[in-house]
>>> print(open('work-v2.cif').read())   # mmCIF, C-alpha atoms
data_coords
#
loop_
_atom_site.label_atom_id
_atom_site.label_comp_id
_atom_site.auth_asym_id
_atom_site.auth_seq_id
_atom_site.Cartn_x
_atom_site.Cartn_y
_atom_site.Cartn_z
CA MET A 4 -3.41 -67.20 165.82
CA SER A 5 -2.51 -65.03 168.77
CA LYS A 6 -4.01 -65.81 172.10
CA ASP A 7 -2.21 -62.58 172.89
CA SER A 8 -4.79 -60.25 171.44
CA ALA A 9 -7.58 -61.62 173.62
CA PRO A 10 -7.19 -58.94 176.33
CA ALA A 11 -7.41 -56.33 173.59
CA ALA A 12 -11.15 -56.79 173.57
CA GLN A 13 -11.43 -54.67 176.70
CA HIS A 14 -11.80 -50.97 176.22
CA PRO A 15 -8.31 -49.53 176.37
CA ASP A 16 -8.93 -46.59 178.65
CA GLN A 17 -10.93 -47.66 181.63
CA SER A 18 -8.64 -46.28 184.27
CA PRO A 19 -5.12 -45.04 183.62
CA ASP A 20 -3.69 -46.65 186.73
CA ARG A 21 -5.23 -50.07 186.16
CA PRO A 22 -2.60 -52.77 186.83
CA ALA A 23 -1.12 -54.61 183.85
CA THR A 24 -2.40 -58.05 182.91
CA ASN A 25 0.04 -59.79 185.20
CA PRO A 26 -0.79 -58.49 188.70
CA VAL A 27 2.68 -59.02 190.18
CA PRO A 28 5.19 -56.50 188.80
CA PRO A 29 8.67 -57.95 188.21
CA GLY A 30 11.60 -57.03 190.45
CA LEU A 31 14.59 -54.97 189.31
CA VAL A 32 16.75 -58.00 188.56
CA ALA A 33 13.92 -59.62 186.60
CA LEU A 34 13.50 -56.41 184.57
CA PHE A 35 17.22 -56.19 183.85
CA LEU A 36 17.35 -59.85 182.78
CA ALA A 37 14.19 -59.67 180.68
CA PHE A 38 15.49 -56.67 178.72
CA ALA A 39 18.97 -58.18 178.43
CA ARG A 40 17.38 -61.30 176.99
CA MET A 41 15.23 -59.48 174.42
CA SER A 42 18.16 -57.27 173.49
CA LEU A 43 20.50 -60.23 172.94
CA ALA A 44 17.85 -61.96 170.84
CA GLY A 45 17.24 -58.78 168.85
CA PHE A 46 19.18 -59.15 165.66
CA GLY A 47 17.94 -56.58 163.19
CA GLY A 48 15.83 -54.73 165.75
CA VAL A 49 14.56 -55.37 169.25
CA LEU A 50 10.89 -54.39 168.81
CA VAL A 51 9.85 -57.87 167.65
CA PHE A 52 11.36 -59.46 170.72
CA ALA A 53 10.23 -56.73 173.11
CA ARG A 54 6.61 -57.16 172.06
CA GLN A 55 6.87 -60.92 172.29
CA ALA A 56 8.35 -60.80 175.81
CA ILE A 57 6.19 -58.01 177.25
CA VAL A 58 2.80 -58.90 175.73
CA GLU A 59 2.91 -62.60 174.99
CA GLN A 60 5.43 -64.20 177.33
CA HIS A 61 5.28 -62.22 180.59
CA ARG A 62 1.88 -60.55 180.02
CA TRP A 63 3.10 -57.34 181.62
CA MET A 64 0.97 -55.29 179.24
CA THR A 65 -2.03 -55.85 176.99
CA ALA A 66 -1.63 -55.49 173.23
CA ASP A 67 -3.30 -52.06 173.42
CA GLU A 68 -1.16 -50.80 176.30
CA PHE A 69 1.94 -51.88 174.44
CA ASN A 70 0.80 -50.07 171.30
CA GLU A 71 0.16 -46.85 173.22
CA THR A 72 3.47 -46.97 175.10
CA PHE A 73 5.39 -47.69 171.91
CA ALA A 74 3.56 -44.97 169.98
CA LEU A 75 4.55 -42.41 172.59
CA CYS A 76 8.20 -43.52 172.47
CA HIS A 77 8.04 -43.54 168.68
CA PHE A 78 7.08 -39.87 168.51
CA LEU A 79 9.53 -38.65 171.13
CA PRO A 80 13.10 -38.09 169.94
CA GLY A 81 15.74 -40.76 170.44
CA PRO A 82 15.97 -44.50 169.78
CA ASN A 83 12.41 -45.85 170.25
CA ILE A 84 13.20 -49.07 171.94
CA VAL A 85 15.64 -47.44 174.36
CA ASN A 86 12.93 -44.95 175.29
CA LEU A 87 10.51 -47.83 175.67
CA SER A 88 12.80 -49.65 178.11
CA MET A 89 13.00 -46.58 180.36
CA VAL A 90 9.27 -45.77 180.19
CA PHE A 91 8.20 -49.37 180.63
CA GLY A 92 10.59 -50.12 183.51
CA ALA A 93 9.61 -46.90 185.28
CA ARG A 94 5.91 -47.66 184.91
CA LEU A 95 6.38 -50.99 186.72
CA ARG A 96 9.05 -50.14 189.29
CA GLY A 97 9.66 -46.38 189.33
CA ILE A 98 12.84 -44.72 188.11
CA ALA A 99 15.00 -47.59 189.44
CA GLY A 100 13.00 -49.98 187.27
CA GLY A 101 13.51 -47.70 184.30
CA ILE A 102 17.26 -47.69 184.82
CA ALA A 103 17.32 -51.48 185.31
CA ALA A 104 15.50 -52.03 181.99
CA PHE A 105 17.65 -49.39 180.22
CA ALA A 106 20.86 -51.01 181.49
CA GLY A 107 19.62 -54.49 180.60
CA LEU A 108 18.82 -53.37 177.08
CA LEU A 109 22.12 -51.58 176.44
CA LEU A 110 24.89 -53.16 178.52
CA PRO A 111 25.21 -56.66 177.00
CA PRO A 112 25.00 -55.61 173.33
CA THR A 113 27.38 -52.67 173.93
CA LEU A 114 29.96 -55.14 175.23
CA ILE A 115 29.41 -57.45 172.25
CA VAL A 116 29.60 -54.69 169.67
CA THR A 117 32.79 -53.36 171.29
CA VAL A 118 34.38 -56.79 171.07
CA LEU A 119 33.33 -56.95 167.40
CA ALA A 120 34.87 -53.50 166.87
CA ILE A 121 38.16 -54.74 168.33
CA ILE A 122 38.08 -57.81 166.08
CA TYR A 123 37.24 -55.63 163.09
CA ALA A 124 40.09 -53.22 163.87
CA ARG A 125 42.45 -56.22 163.85
CA PHE A 126 41.18 -58.13 160.81
CA GLY A 127 39.27 -55.53 158.88
CA ASP A 128 37.53 -57.66 156.26
CA VAL A 129 33.84 -58.13 156.79
CA GLU A 130 32.93 -59.74 153.47
CA VAL A 131 31.64 -63.01 154.98
CA LEU A 132 29.83 -61.03 157.66
CA ARG A 133 28.20 -58.94 154.96
CA ARG A 134 26.95 -62.03 153.13
CA ILE A 135 25.46 -63.43 156.33
CA LEU A 136 24.03 -60.00 157.03
CA ALA A 137 22.25 -59.92 153.66
CA GLY A 138 20.34 -63.07 154.61
CA ILE A 139 19.60 -61.84 158.13
CA SER A 140 18.34 -58.51 156.79
CA CYS A 141 15.80 -60.22 154.52
CA ALA A 142 14.50 -62.27 157.43
CA ALA A 143 14.49 -59.19 159.70
CA VAL A 144 12.27 -57.29 157.25
CA GLY A 145 9.89 -60.26 157.26
CA LEU A 146 9.78 -60.14 161.07
CA LEU A 147 9.08 -56.41 160.96
CA ILE A 148 6.14 -57.00 158.62
CA ALA A 149 4.82 -59.65 161.02
CA VAL A 150 5.09 -57.38 164.08
CA VAL A 151 3.30 -54.58 162.23
CA PHE A 152 0.54 -57.05 161.45
CA ARG A 153 0.31 -58.14 165.09
CA MET A 154 0.21 -54.56 166.34
CA MET A 155 -2.63 -53.95 163.90
CA THR A 156 -4.82 -56.78 165.28
CA PRO A 157 -6.39 -54.75 168.12
CA LEU A 158 -7.49 -52.13 165.56
CA LEU A 159 -8.79 -54.81 163.19
CA LYS A 160 -10.70 -56.61 165.94
CA ARG A 161 -12.42 -53.41 167.04
CA LEU A 162 -13.07 -52.54 163.38
CA ASP A 163 -11.67 -49.12 164.20
CA VAL A 164 -12.23 -47.69 160.71
CA VAL A 165 -10.94 -44.18 161.41
CA ALA A 166 -7.69 -45.51 162.90
CA LEU A 167 -7.24 -47.94 160.03
CA ILE A 168 -7.71 -45.18 157.44
CA LEU A 169 -5.22 -42.91 159.24
CA MET A 170 -2.74 -45.77 159.44
CA LEU A 171 -3.10 -46.48 155.74
CA ALA A 172 -2.75 -42.78 154.87
CA VAL A 173 0.51 -42.46 156.83
CA PHE A 174 1.80 -45.66 155.24
CA LEU A 175 1.04 -44.40 151.72
CA ALA A 176 2.36 -40.89 152.34
CA ILE A 177 5.70 -42.02 153.81
CA GLY A 178 6.23 -45.44 152.25
CA VAL A 179 4.90 -44.96 148.73
CA VAL A 180 4.79 -41.23 147.94
CA ARG A 181 7.89 -40.63 150.13
CA LEU A 182 6.74 -37.30 151.53
CA PRO A 183 9.02 -35.88 154.25
CA LEU A 184 8.26 -37.23 157.73
CA GLN A 185 7.84 -33.85 159.42
CA ALA A 186 5.29 -32.61 156.89
CA VAL A 187 3.21 -35.78 157.17
CA LEU A 188 3.22 -35.71 160.96
CA LEU A 189 2.36 -32.02 161.02
CA VAL A 190 -0.89 -32.89 159.24
CA ALA A 191 -1.52 -36.38 160.62
CA ILE A 192 -1.17 -35.70 164.35
CA PRO A 193 -3.83 -32.95 164.58
CA VAL A 194 -6.17 -34.92 162.30
CA SER A 195 -5.78 -38.08 164.37
CA VAL A 196 -6.21 -36.28 167.71
CA GLY A 197 -9.31 -34.53 166.37
CA ALA A 198 -10.80 -37.72 164.97
CA THR A 199 -10.11 -39.65 168.19
CA PHE A 200 -11.72 -36.85 170.20
CA LEU A 201 -14.89 -36.89 168.07
CA MET A 202 -15.12 -40.69 168.11
CA ARG A 203 -14.77 -40.90 171.89
CA ARG A 204 -17.39 -38.21 172.40
CA LYS A 205 -19.81 -40.09 170.19
CA VAL A 206 -19.19 -43.30 172.16
CA ALA A 207 -19.63 -41.49 175.47
CA ALA A 208 -22.86 -39.78 174.41
CA MET B 22 42.66 -25.64 174.69
CA ASN B 23 43.65 -26.52 171.13
CA ALA B 24 43.76 -30.25 171.94
CA GLU B 25 40.00 -30.66 171.97
CA ASN B 26 38.92 -33.62 174.06
CA PRO B 27 37.46 -36.24 171.67
CA ILE B 28 35.21 -37.68 174.39
CA TRP B 29 33.57 -34.32 174.83
CA ALA B 30 33.13 -33.98 171.07
CA LEU B 31 31.38 -37.35 171.00
CA ILE B 32 29.10 -36.48 173.91
CA SER B 33 28.06 -33.12 172.50
CA THR B 34 27.61 -34.47 168.95
CA PHE B 35 25.46 -37.47 169.81
CA GLY B 36 23.65 -35.84 172.72
CA LEU B 37 22.49 -33.11 170.38
CA MET B 38 21.73 -35.48 167.52
CA SER B 39 19.53 -37.72 169.67
CA LEU B 40 17.24 -34.80 170.49
CA PHE B 41 16.41 -34.42 166.81
CA ALA B 42 16.19 -38.13 166.00
CA VAL B 43 12.44 -38.48 165.77
CA GLY B 44 11.30 -41.76 164.22
CA GLY B 45 14.11 -43.93 165.50
CA ALA B 46 17.78 -44.60 164.98
CA ALA B 47 17.37 -45.69 161.36
CA ALA B 48 16.19 -42.19 160.49
CA ALA B 49 19.38 -40.71 161.99
CA VAL B 50 21.87 -42.83 160.03
CA PRO B 51 22.33 -40.34 157.14
CA GLU B 52 23.03 -37.57 159.66
CA MET B 53 25.53 -39.81 161.50
CA HIS B 54 27.30 -40.45 158.22
CA ARG B 55 27.48 -36.73 157.47
CA ILE B 56 28.95 -35.91 160.88
CA ALA B 57 31.32 -38.87 161.32
CA VAL B 58 32.68 -38.95 157.75
CA ASP B 59 32.24 -35.50 156.21
CA VAL B 60 32.38 -33.08 159.15
CA HIS B 61 34.75 -34.61 161.72
CA HIS B 62 36.62 -37.12 159.52
CA TRP B 63 36.38 -39.66 162.32
CA MET B 64 36.03 -42.54 159.82
CA THR B 65 36.36 -43.24 156.12
CA ASP B 66 33.34 -44.03 153.99
CA LYS B 67 34.19 -47.75 154.00
CA GLN B 68 34.74 -47.80 157.75
CA PHE B 69 31.32 -46.26 158.22
CA ALA B 70 29.66 -48.80 155.91
CA ASP B 71 31.40 -51.62 157.80
CA ALA B 72 30.37 -50.15 161.15
CA TYR B 73 26.78 -50.08 159.92
CA ALA B 74 27.03 -53.73 158.88
CA ILE B 75 28.54 -54.75 162.22
CA ALA B 76 25.84 -52.87 164.15
CA GLN B 77 23.13 -54.59 162.12
CA LEU B 78 24.77 -57.94 162.65
CA SER B 79 25.09 -57.52 166.40
CA PRO B 80 22.18 -58.18 168.70
CA GLY B 81 20.60 -55.20 170.41
CA PRO B 82 19.10 -51.94 169.27
CA ASN B 83 20.37 -50.71 165.91
CA VAL B 84 21.42 -47.45 167.52
CA LEU B 85 24.62 -49.24 168.57
CA ILE B 86 26.34 -47.95 165.44
CA VAL B 87 27.18 -44.95 167.64
CA THR B 88 29.10 -47.33 169.92
CA LEU B 89 31.29 -48.24 166.96
CA ILE B 90 31.81 -44.63 165.93
CA GLY B 91 32.75 -43.82 169.53
CA TYR B 92 35.18 -46.74 169.58
CA ALA B 93 36.84 -45.58 166.36
CA VAL B 94 37.31 -42.09 167.83
CA ALA B 95 38.46 -42.81 171.38
CA GLY B 96 38.57 -46.53 172.17
CA ILE B 97 36.45 -48.07 174.91
CA PRO B 98 35.78 -44.82 176.82
CA GLY B 99 34.65 -43.32 173.51
CA ALA B 100 32.32 -46.25 172.87
CA LEU B 101 30.67 -45.84 176.28
CA ALA B 102 30.45 -42.05 176.04
CA ALA B 103 28.86 -42.09 172.58
CA THR B 104 26.32 -44.77 173.56
CA LEU B 105 25.22 -43.00 176.72
CA ALA B 106 25.10 -39.59 175.04
CA MET B 107 22.85 -40.97 172.31
CA CYS B 108 20.54 -42.95 174.61
CA LEU B 109 20.29 -41.49 178.11
CA PRO B 110 19.00 -37.89 177.61
CA THR B 111 16.08 -38.90 175.39
CA ALA B 112 15.24 -41.90 177.59
CA LEU B 113 14.95 -39.56 180.58
CA LEU B 114 12.86 -37.16 178.49
CA ALA B 115 10.56 -40.05 177.52
CA TYR B 116 10.31 -41.00 181.20
CA TYR B 117 9.21 -37.51 182.23
CA VAL B 118 6.74 -37.10 179.37
CA SER B 119 5.20 -40.50 180.03
CA ARG B 120 4.88 -39.73 183.75
CA LEU B 121 3.24 -36.43 182.91
CA LEU B 122 0.77 -38.10 180.56
CA ASN B 123 -0.07 -40.96 182.89
CA ARG B 124 -0.46 -38.92 186.05
CA PRO B 125 -3.94 -39.52 187.45
CA SER B 126 -5.81 -36.37 186.52
CA GLN B 127 -9.24 -35.19 185.50
CA SER B 128 -8.12 -34.36 181.96
CA ARG B 129 -8.81 -36.96 179.27
CA TRP B 130 -6.41 -35.35 176.79
CA PRO B 131 -3.31 -37.38 177.72
CA VAL B 132 -5.13 -40.69 177.15
CA LEU B 133 -6.67 -39.33 173.98
CA ILE B 134 -3.40 -38.11 172.50
CA GLN B 135 -1.65 -41.39 173.25
CA ALA B 136 -4.47 -43.34 171.63
CA ALA B 137 -4.41 -41.01 168.62
CA LEU B 138 -0.69 -41.68 168.04
CA VAL B 139 -1.16 -45.46 167.78
CA PRO B 140 -2.44 -45.71 164.17
CA LEU B 141 0.19 -43.18 163.01
CA SER B 142 2.94 -45.16 164.69
CA ILE B 143 1.82 -48.41 163.06
CA GLY B 144 1.51 -46.68 159.68
CA LEU B 145 5.07 -45.37 160.03
CA MET B 146 6.36 -48.82 160.93
CA ALA B 147 4.62 -50.30 157.91
CA ALA B 148 6.25 -47.61 155.74
CA SER B 149 9.72 -48.43 157.13
CA ALA B 150 9.08 -52.10 156.44
CA LEU B 151 8.25 -51.27 152.82
CA ILE B 152 11.28 -49.00 152.37
CA LEU B 153 13.60 -51.56 153.97
CA ALA B 154 12.12 -54.32 151.82
CA GLN B 155 12.73 -52.29 148.67
CA SER B 156 16.40 -51.80 149.53
CA THR B 157 16.96 -55.32 150.87
CA ASP B 158 14.95 -57.55 148.58
CA ARG B 159 16.72 -57.02 145.27
CA THR B 160 16.37 -60.62 144.06
CA ILE B 161 13.49 -63.07 143.82
CA ALA B 162 15.16 -65.32 146.39
CA ALA B 163 15.48 -62.44 148.85
CA LEU B 164 11.87 -61.42 148.32
CA LEU B 165 10.71 -65.00 148.86
CA LEU B 166 12.71 -65.24 152.07
CA THR B 167 11.17 -62.01 153.42
CA ALA B 168 7.64 -63.09 152.47
CA THR B 169 8.09 -66.54 153.98
CA VAL B 170 9.42 -65.15 157.25
CA ALA B 171 6.58 -62.60 157.39
CA VAL B 172 3.94 -65.30 156.98
CA ILE B 173 5.52 -67.77 159.40
CA ALA B 174 6.05 -65.13 162.09
CA SER B 175 2.48 -63.84 161.69
CA VAL B 176 0.70 -67.16 162.01
CA SER B 177 2.94 -69.12 164.37
CA ARG B 178 4.56 -68.53 167.74
CA ILE B 179 7.98 -69.72 166.63
CA ASN B 180 10.94 -67.95 168.24
CA PRO B 181 12.01 -65.27 165.71
CA LEU B 182 15.67 -66.17 166.34
CA TRP B 183 15.24 -69.36 164.32
CA LEU B 184 13.99 -67.38 161.34
CA LEU B 185 16.95 -64.98 161.56
CA LEU B 186 19.31 -67.93 161.86
CA ALA B 187 17.80 -69.51 158.75
CA GLY B 188 18.22 -66.19 156.92
CA GLY B 189 21.86 -65.97 158.02
CA LEU B 190 22.56 -69.50 156.82
CA LEU B 191 20.96 -68.84 153.42
CA GLY B 192 23.01 -65.65 153.16
CA PHE B 193 26.23 -67.44 154.13
CA ALA B 194 25.54 -70.07 151.47
CA GLY B 195 25.20 -67.27 148.93
CA ILE B 196 21.61 -68.16 148.05
CA VAL B 197 20.20 -64.77 148.96
CA GLN B 198 21.75 -61.62 147.41
#
>>> encode(input="work-v2.cif", output="structure tokens")
Amino acid sequence: MSKDSAPAAQHPDQSPDRPATNPVPPGLVALFLAFARMSLAGFGGVLVFARQAIVEQHRWMTADEFNETFALCHFLPGPNIVNLSMVFGARLRGIAGGIAAFAGLLLPPTLIVTVLAIIYARFGDVEVLRRILAGISCAAVGLLIAVVFRMMTPLLKRLDVVALILMLAVFLAIGVVRLPLQAVLLVAIPVSVGATFLMRRKVAA
Amino acid sequence: MNAENPIWALISTFGLMSLFAVGGAAAAVPEMHRIAVDVHHWMTDKQFADAYAIAQLSPGPNVLIVTLIGYAVAGIPGALAATLAMCLPTALLAYYVSRLLNRPSQSRWPVLIQAALVPLSIGLMAASALILAQSTDRTIAALLLTATVAVIASVSRINPLWLLLAGGLLGFAGIVQ
């Protein structure tokens, strides 16, 4: 599988201002359209489509760069993928690029959902919709599992044991034991930063 | 001043909520329900459940349930105000933090912290997938559908839309559920 994880073999932090895989950054219109397209495809969550477009289709980022950008947006408040659009667009084209990606992500689906709201206000019964939704939700969970797997591949390829253990611990704590998010992060973030620091120092030495 | 402007109520409610919504929009849904149904009485319980279903069914980020709440409160201006209030402040915050972290500098901490967050982020996503699967996959057929989609999407480069479409058709036919 995945030709996409080939660039992941490089060390992720050579130089912070290294250009993305594709040397020509897209223009504002291209950014708007790309995010509009992934947003309109994104039933049951846009992350799947965002990763596909950014890493695999356009090659604007490597698998590792995408992981790091998403992780940052994940831990800042607000809707992750909306944050990602702004951060990603701004990284390629400055604040104007950020706004173009943000608008592309939000404008078309806002219009669609408003039209649906008007239809709902008039007809009110969403029983058929709910049945269709049940099927879509099952498939969407499957897609989420697949994207988690794909985001894991850079860690698996590097055999990054510490990262894999931390990942598993967070998964068990939140998903299985159901500990509160804040408590888990309060422990996990310092541990992970400390472990990463020690690992990098060992590699550098 | 007794006629409180509903647009302003939407902006302040969702602007404030977004700042505490760590871990994505899905994590904020219970709080949205509390505020829209219990505190402000903007919607009934059923209206909220339907709005959630419509937001899930629509393309785009799942946060768009706030668009529907805004529409129920104040029509189209309400829909726009709620969406922007929920999305714009935190997006700008993310922009500034990311610029701060990626500024060329002699410190290696920014790179290190970002790298350290990656495994935690993936672990969290895996946990949401498990929790969602437990609430969604109540029947064998549903579980099979999820597993099949997960395998196909992991090993092939098929457009995910086809898999969602197949799921929707199976749902419409009443096979899943």
>>> closest_residue(input="work-v2.cif", among="B:Ala136, B:Ala74, B:Ile196, B:Met107", to="Phe41 of chain B", atoms="all atoms listed in the file")
B:Met107
>>> residues_around(input="work-v2.cif", residues="segment 161-169 of chain A", least_positions_apart="2", cutoff="9 Å", atoms="all atoms listed in the file", output="list in words")
Ala11, Ala12, Met155, Thr156, Pro157, Leu158, Leu159, Leu171, Ala172, Val173, Phe174, Ala191, Val194, Ser195, Ala198, Thr199 and Met202 of chain A; Ala137, Val139, Pro140, Leu141 and Gly144 of chain B
>>> write_last_selection(input="work-v2.cif", atoms="C-alpha atoms", output="short mmCIF file (atom, residue, chain, number, x, y, z; two decimals), in the coordinates of the input")
data_model
loop_
_atom_site.label_atom_id
_atom_site.label_comp_id
_atom_site.auth_asym_id
_atom_site.auth_seq_id
_atom_site.Cartn_x
_atom_site.Cartn_y
_atom_site.Cartn_z
CA ALA A 11 -7.41 -56.33 173.59
CA ALA A 12 -11.15 -56.79 173.57
CA MET A 155 -2.63 -53.95 163.90
CA THR A 156 -4.82 -56.78 165.28
CA PRO A 157 -6.39 -54.75 168.12
CA LEU A 158 -7.49 -52.13 165.56
CA LEU A 159 -8.79 -54.81 163.19
CA LEU A 171 -3.10 -46.48 155.74
CA ALA A 172 -2.75 -42.78 154.87
CA VAL A 173 0.51 -42.46 156.83
CA PHE A 174 1.80 -45.66 155.24
CA ALA A 191 -1.52 -36.38 160.62
CA VAL A 194 -6.17 -34.92 162.30
CA SER A 195 -5.78 -38.08 164.37
CA ALA A 198 -10.80 -37.72 164.97
CA THR A 199 -10.11 -39.65 168.19
CA MET A 202 -15.12 -40.69 168.11
CA ALA B 137 -4.41 -41.01 168.62
CA VAL B 139 -1.16 -45.46 167.78
CA PRO B 140 -2.44 -45.71 164.17
CA LEU B 141 0.19 -43.18 163.01
CA GLY B 144 1.51 -46.68 159.68
#
>>> interface_residues(input="work-v2.cif", of="chain A", to="chain B", cutoff="6 Å", atoms="all atoms listed in the file", output="PyMOL selection string")
chain A and resi 4+42-43+45-49+71+74+77+80-83+86+89-90+112+134-135+137-139+141-142+145-146+148-149+166+170+173-174+177-178+195-196+199
>>> atom_distance(input="work-v2.cif", atom1="atom CA of Leu87 of chain A", atom2="atom CA of Leu114 of chain A")
20.8 Å
